[in-house]
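Shown next: my_file_4.txt, given as compact mmCIF, C-alpha atoms.
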# COMPACT_ATOMS: atom_id res chain seq x y z
CA MET A 44 0.92 1.59 23.91
CA THR A 45 2.39 0.58 20.59
CA HIS A 46 3.27 -3.02 19.88
CA GLN A 47 5.99 -3.48 17.26
CA THR A 48 6.54 -6.74 15.42
CA HIS A 49 8.60 -8.20 12.60
CA GLU A 50 6.01 -10.93 11.96
CA PHE A 51 3.36 -9.67 9.54
CA ASP A 52 1.04 -12.50 10.58
CA ASP A 53 0.72 -10.70 13.95
CA ILE A 54 -1.27 -7.90 12.27
CA ARG A 55 -2.38 -9.43 8.97
CA ALA A 56 -5.96 -10.23 9.95
CA GLU A 57 -6.60 -6.65 11.12
CA PHE A 58 -4.85 -5.16 8.08
CA ASP A 59 -6.79 -7.36 5.66
CA ALA A 60 -10.11 -6.66 7.40
CA THR A 61 -9.59 -2.88 7.36
CA VAL A 62 -8.45 -2.88 3.72
CA GLY A 63 -11.33 -5.16 2.70
CA ARG A 64 -13.93 -2.96 4.41
CA THR A 65 -12.49 0.36 3.27
CA VAL A 66 -11.28 -0.62 -0.25
CA TYR A 67 -10.13 2.88 -1.26
CA ALA A 68 -6.78 4.06 0.05
CA THR A 69 -5.47 7.58 0.19
CA MET A 70 -2.12 7.52 -1.59
CA VAL A 71 0.37 10.22 -0.66
CA THR A 72 3.42 11.13 -2.73
CA VAL A 73 5.62 14.21 -2.56
CA ASP A 74 6.80 16.54 -5.28
CA SER A 75 10.33 17.84 -5.84
CA GLN A 76 9.67 20.61 -3.28
CA SER A 77 8.51 18.07 -0.63
CA ARG A 78 4.86 19.10 -0.93
CA PRO A 79 2.42 16.20 -0.45
CA ARG A 80 -0.19 15.20 -3.02
CA THR A 81 -3.03 12.82 -2.24
CA ARG A 82 -5.27 10.71 -4.42
CA ALA A 83 -7.79 7.92 -3.74
CA LEU A 84 -6.91 4.59 -5.34
CA ILE A 85 -7.49 0.86 -4.85
CA PRO A 86 -4.32 -1.18 -4.37
CA VAL A 87 -4.37 -4.92 -3.74
CA TRP A 88 -2.16 -6.77 -1.27
CA GLU A 89 -0.72 -10.22 -0.84
CA VAL A 90 1.80 -11.87 1.43
CA VAL A 91 5.01 -13.22 -0.07
CA ASP A 92 7.57 -15.01 2.11
CA GLY A 93 5.82 -13.72 5.25
CA ALA A 94 5.89 -10.05 4.22
CA PRO A 95 3.20 -7.84 2.68
CA LEU A 96 3.49 -6.88 -0.98
CA GLY A 97 1.18 -4.41 -2.67
CA TRP A 98 0.24 -3.76 -6.27
CA LEU A 99 -1.49 -0.82 -7.87
CA ALA A 100 -3.10 -0.96 -11.30
CA THR A 101 -3.16 2.64 -12.44
CA TYR A 102 -2.60 5.18 -15.14
CA ARG A 103 0.92 6.55 -15.33
CA THR A 104 -0.05 10.18 -14.97
CA PRO A 105 2.66 12.84 -15.38
CA VAL A 106 2.28 14.01 -11.76
CA LYS A 107 2.40 10.53 -10.22
CA ALA A 108 5.32 9.50 -12.44
CA ALA A 109 7.29 12.68 -11.62
CA HIS A 110 6.70 12.36 -7.89
CA LEU A 111 7.82 8.73 -7.78
CA ALA A 112 10.82 9.43 -10.02
CA ASN A 113 11.94 12.09 -7.55
CA ASN A 114 11.07 10.11 -4.42
CA PRO A 115 9.79 6.51 -4.61
CA HIS A 116 8.38 6.59 -1.06
CA ALA A 117 4.60 6.68 -0.79
CA SER A 118 2.01 6.07 1.88
CA PHE A 119 -1.36 4.36 1.59
CA SER A 120 -3.88 4.88 4.38
CA TYR A 121 -7.30 3.34 4.99
CA TRP A 122 -9.95 4.81 7.25
CA ALA A 123 -13.71 4.99 7.00
CA PRO A 124 -16.09 6.71 9.44
CA ARG A 125 -18.28 3.63 9.66
CA GLY A 126 -15.53 1.50 11.16
CA SER A 127 -13.01 3.80 12.83
CA ASP A 128 -10.28 1.19 12.38
CA PHE A 129 -7.19 2.50 10.58
CA ALA A 130 -4.46 0.89 8.51
CA ALA A 131 -1.50 2.38 6.71
CA ALA A 132 1.32 1.03 4.58
CA ASP A 133 4.45 3.07 3.97
CA VAL A 134 6.11 1.76 0.83
CA VAL A 135 8.77 2.11 -1.78
CA ALA A 136 6.93 2.16 -5.10
CA GLY A 137 8.30 1.21 -8.48
CA TRP A 138 6.85 0.75 -11.95
CA VAL A 139 6.87 -2.81 -13.32
CA ASP A 140 6.35 -3.72 -16.95
CA ASP A 141 6.87 -7.47 -16.78
CA GLU A 142 3.97 -9.29 -18.44
CA GLN A 143 3.95 -12.02 -15.77
CA ASP A 144 3.59 -9.40 -13.00
CA ARG A 145 0.83 -7.64 -14.95
CA ARG A 146 -1.12 -10.91 -15.28
CA ARG A 147 -0.59 -11.67 -11.58
CA VAL A 148 -1.93 -8.21 -10.65
CA TRP A 149 -4.90 -8.65 -13.00
CA ASP A 150 -5.75 -11.91 -11.19
CA LEU A 151 -5.30 -10.39 -7.70
CA TYR A 152 -7.75 -7.62 -8.57
CA ALA A 153 -10.24 -10.12 -10.02
CA ARG A 154 -10.31 -12.29 -6.92
CA THR A 155 -10.01 -9.29 -4.56
CA SER A 156 -6.97 -9.42 -2.36
CA PRO A 157 -7.54 -9.14 0.50
CA GLN A 158 -11.18 -10.13 0.39
CA GLY A 159 -13.24 -7.10 -0.61
CA ALA A 160 -10.39 -5.04 -2.11
CA GLY A 161 -10.08 -4.97 -5.86
CA TYR A 162 -12.35 -4.61 -8.84
CA ASP A 163 -12.73 -5.71 -12.46
CA LEU A 164 -9.79 -4.10 -14.24
CA GLY A 165 -11.60 -4.87 -17.50
CA ALA A 166 -13.77 -1.82 -16.81
CA PHE A 167 -10.73 0.39 -17.54
CA TRP A 168 -8.27 -1.74 -19.52
CA ALA A 169 -8.79 -4.38 -22.21
CA SER A 170 -6.37 -6.96 -20.79
CA PRO A 171 -3.21 -7.36 -18.72
CA THR A 172 -1.23 -6.43 -21.84
CA ASP A 173 -3.15 -3.22 -22.52
CA PRO A 174 -0.44 -0.53 -23.00
CA ARG A 175 -2.58 1.97 -21.04
CA LEU A 176 -2.41 -0.25 -17.93
CA HIS A 177 0.51 0.53 -15.65
CA VAL A 178 1.45 -1.32 -12.50
CA LEU A 179 3.20 -0.10 -9.40
CA ARG A 180 4.86 -2.60 -7.09
CA LEU A 181 4.51 -1.48 -3.46
CA ASP A 182 7.20 -2.80 -1.10
CA PRO A 183 6.21 -1.89 2.46
CA TYR A 184 8.79 -0.96 5.05
CA ARG A 185 6.16 -0.14 7.69
CA VAL A 186 2.54 -1.24 8.16
CA GLN A 187 0.39 0.09 10.99
CA VAL A 188 -3.03 -0.95 12.23
CA ILE A 189 -5.03 0.87 14.88
CA ARG A 190 -8.20 -0.62 16.27
CA GLY A 191 -10.76 2.15 16.74
CA LEU A 192 -12.52 0.45 19.63
CA ASP A 193 -9.62 0.89 22.05
CA LEU A 194 -6.90 2.58 19.95
CA ARG A 195 -4.67 -0.50 20.13
CA ASN A 196 -1.72 0.38 17.87
CA ARG A 197 0.43 -2.26 16.19
CA ILE A 198 3.27 -1.71 13.74
CA TRP A 199 5.02 -4.19 11.48
CA THR A 200 8.47 -3.60 10.00
CA PRO A 201 10.68 -6.14 8.29
CA SER A 202 13.49 -7.37 10.49
CA ASP A 203 16.13 -5.66 8.34
CA VAL A 204 14.63 -2.17 8.84
CA PRO A 205 15.73 -0.48 12.07
CA ALA A 206 13.07 0.74 14.46
CA VAL A 207 12.36 4.45 14.34
CA VAL A 208 13.99 6.25 17.26
CA PRO A 209 11.86 9.07 18.70
CA ARG A 210 13.41 12.50 18.10
CA ALA A 211 13.43 13.26 21.84
CA ALA A 212 15.59 10.19 22.47
CA VAL A 213 18.09 11.31 19.84
CA ALA A 214 18.27 14.79 21.41
CA ARG A 215 19.07 13.27 24.82
CA ALA A 216 21.84 11.00 23.47

Please lay out the structure from this file as structure tokens.
Amino acid sequence: MTHQTHEFDDIRAEFDATVGRTVYATMVTVDSQSRPRTRALIPVWEVVDGAPLGWLATYRTPVKAAHLANNPHASFSYWAPRGSDFAAADVVAGWVDDEQDRRRVWDLYARTSPQGAGYDLGAFWASPTDPRLHVLRLDPYRVQVIRGLDLRNRIWTPSDVPAVVPRAAVARA
């Protein structure tokens, strides 16, 4: 049974724990022909006004930039064999160049957000103003957590995003 909620606090502890244990997320984007591409990256997450907000410090590779220019939707999933818990965030991603946001992201990575996720960005970039550092803002429209112990499934969506209607229900209507 799936429990749906519009209150991120209902699933935050499980999301944060899974992200903190797993650290690396599989990011999925799609190309102009709707073919998926995956990569393993480490985003950080925070909660702003009761909703999750993600950030990704990254290189602006030609493939990633082209995919997101064509379709800004991406998915980040966390799963590790040692835990069997699963978390996923479906997002709209956009590049940000604001120096204040870059410094904020630098700090979130340094303190690990949530606990355990993040790393020293100084290993790859000189500072938050390093021109080689690029930042993606990740605005989730769906976050799912599944507890491996009993397969309890919980999904958060913001209150302004309609629930997904199963295809079978649409066919019957």

Non-local contacts of Ile54 of chain A (9 Å; only C-alpha atoms; under 5 positions in same chain excluded) as an NGL selection string
:A and (48 or 59 or 186-188 or 197-199)

Would you list the contacts of Phe51 of chain A as a list of chain:residue names, taking every protein, DNA or RNA residue within 12 Å and counting all atoms listed in the file, but skipping same-chain residues closer than 6 positions in sequence?
A:Glu57, A:Phe58, A:Asp59, A:Glu89, A:Val90, A:Val91, A:Asp92, A:Gly93, A:Ala94, A:Pro95, A:Leu96, A:Ala132, A:Pro183, A:Tyr184, A:Arg185, A:Val186, A:Gln187, A:Val188, A:Arg197, A:Ile198, A:Trp199, A:Thr200, A:Pro201, A:Ser202

Nearest to Ala160 of chain A, chosen from A:Val106, A:Ile189, A:Val134, A:Val66, with only C-alpha atoms counted in the distances:
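Answer, going by the shortest atom-to-atom distance: A:Val66.
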
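Checking A:Ala130, A:Ala56, A:Ala100, A:Val135 one by one against His177 of chain A, counting all atoms listed in the file, you find the shortest gap at A:Ala100.
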
What gap, in Å, lies between atom CA of Tyr162 of chain A and atom CA of Gly191 of chain A?
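According to the coordinates, atom CA of Tyr162 of chain A and atom CA of Gly191 of chain A are separated by 26.5 Å.
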
Contacts of Asp150 of chain A at 12 Å or less, counting all atoms listed in the file, minus same-chain residues fewer than 5 places along, as a list in words?
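Here the qualifying residues turn out to be Val87, Trp88, Glu89, Trp98, Ala100, Gln143, Asp144, Arg145, Thr155, Ser156, Gly161, Tyr162, Asp163, Leu164, Gly165, Ser170 and Pro171 of chain A.
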
Include C-alpha atoms and write out the residues we just selected as a short mmCIF file (atom, residue, chain, number, x, y, z; two decimals), in the frame of the given file.
data_model
loop_
_atom_site.label_atom_id
_atom_site.label_comp_id
_atom_site.auth_asym_id
_atom_site.auth_seq_id
_atom_site.Cartn_x
_atom_site.Cartn_y
_atom_site.Cartn_z
CA VAL A 87 -4.37 -4.92 -3.74
CA TRP A 88 -2.16 -6.77 -1.27
CA GLU A 89 -0.72 -10.22 -0.84
CA TRP A 98 0.24 -3.76 -6.27
CA ALA A 100 -3.10 -0.96 -11.30
CA GLN A 143 3.95 -12.02 -15.77
CA ASP A 144 3.59 -9.40 -13.00
CA ARG A 145 0.83 -7.64 -14.95
CA THR A 155 -10.01 -9.29 -4.56
CA SER A 156 -6.97 -9.42 -2.36
CA GLY A 161 -10.08 -4.97 -5.86
CA TYR A 162 -12.35 -4.61 -8.84
CA ASP A 163 -12.73 -5.71 -12.46
CA LEU A 164 -9.79 -4.10 -14.24
CA GLY A 165 -11.60 -4.87 -17.50
CA SER A 170 -6.37 -6.96 -20.79
CA PRO A 171 -3.21 -7.36 -18.72
#

Between A:Thr61, A:Ala108, A:Asp140, A:Trp122, which one has atoms that come closest to Ser75 of chain A, using all atoms listed in the file?
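For Ser75 of chain A, the nearest of the candidates is A:Ala108.
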
Minimum-distance residue to Pro79 of chain A, chosen among A:Ser118, A:Leu176, A:Arg103, A:His46 (using all atoms listed in the file)
A:Ser118

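The closest residue to Asp128 of chain A, picked from A:Arg78, A:Arg195, A:His116, A:Arg154 and counting all atoms listed in the file, is A:Arg195.
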
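Atom to atom, atom CA of Arg55 of chain A and atom CA of Asp193 of chain A stand 18.2 Å apart.
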
Using all atoms listed in the file, which residue out of A:Gly63, A:Arg147, A:Tyr102, A:Leu192 lies closest to Trp168 of chain A?
A:Tyr102

Rounded to one decimal place, report the atom CA of Arg82 of chain A-atom CA of Met70 of chain A distance in Å.
5.3 Å
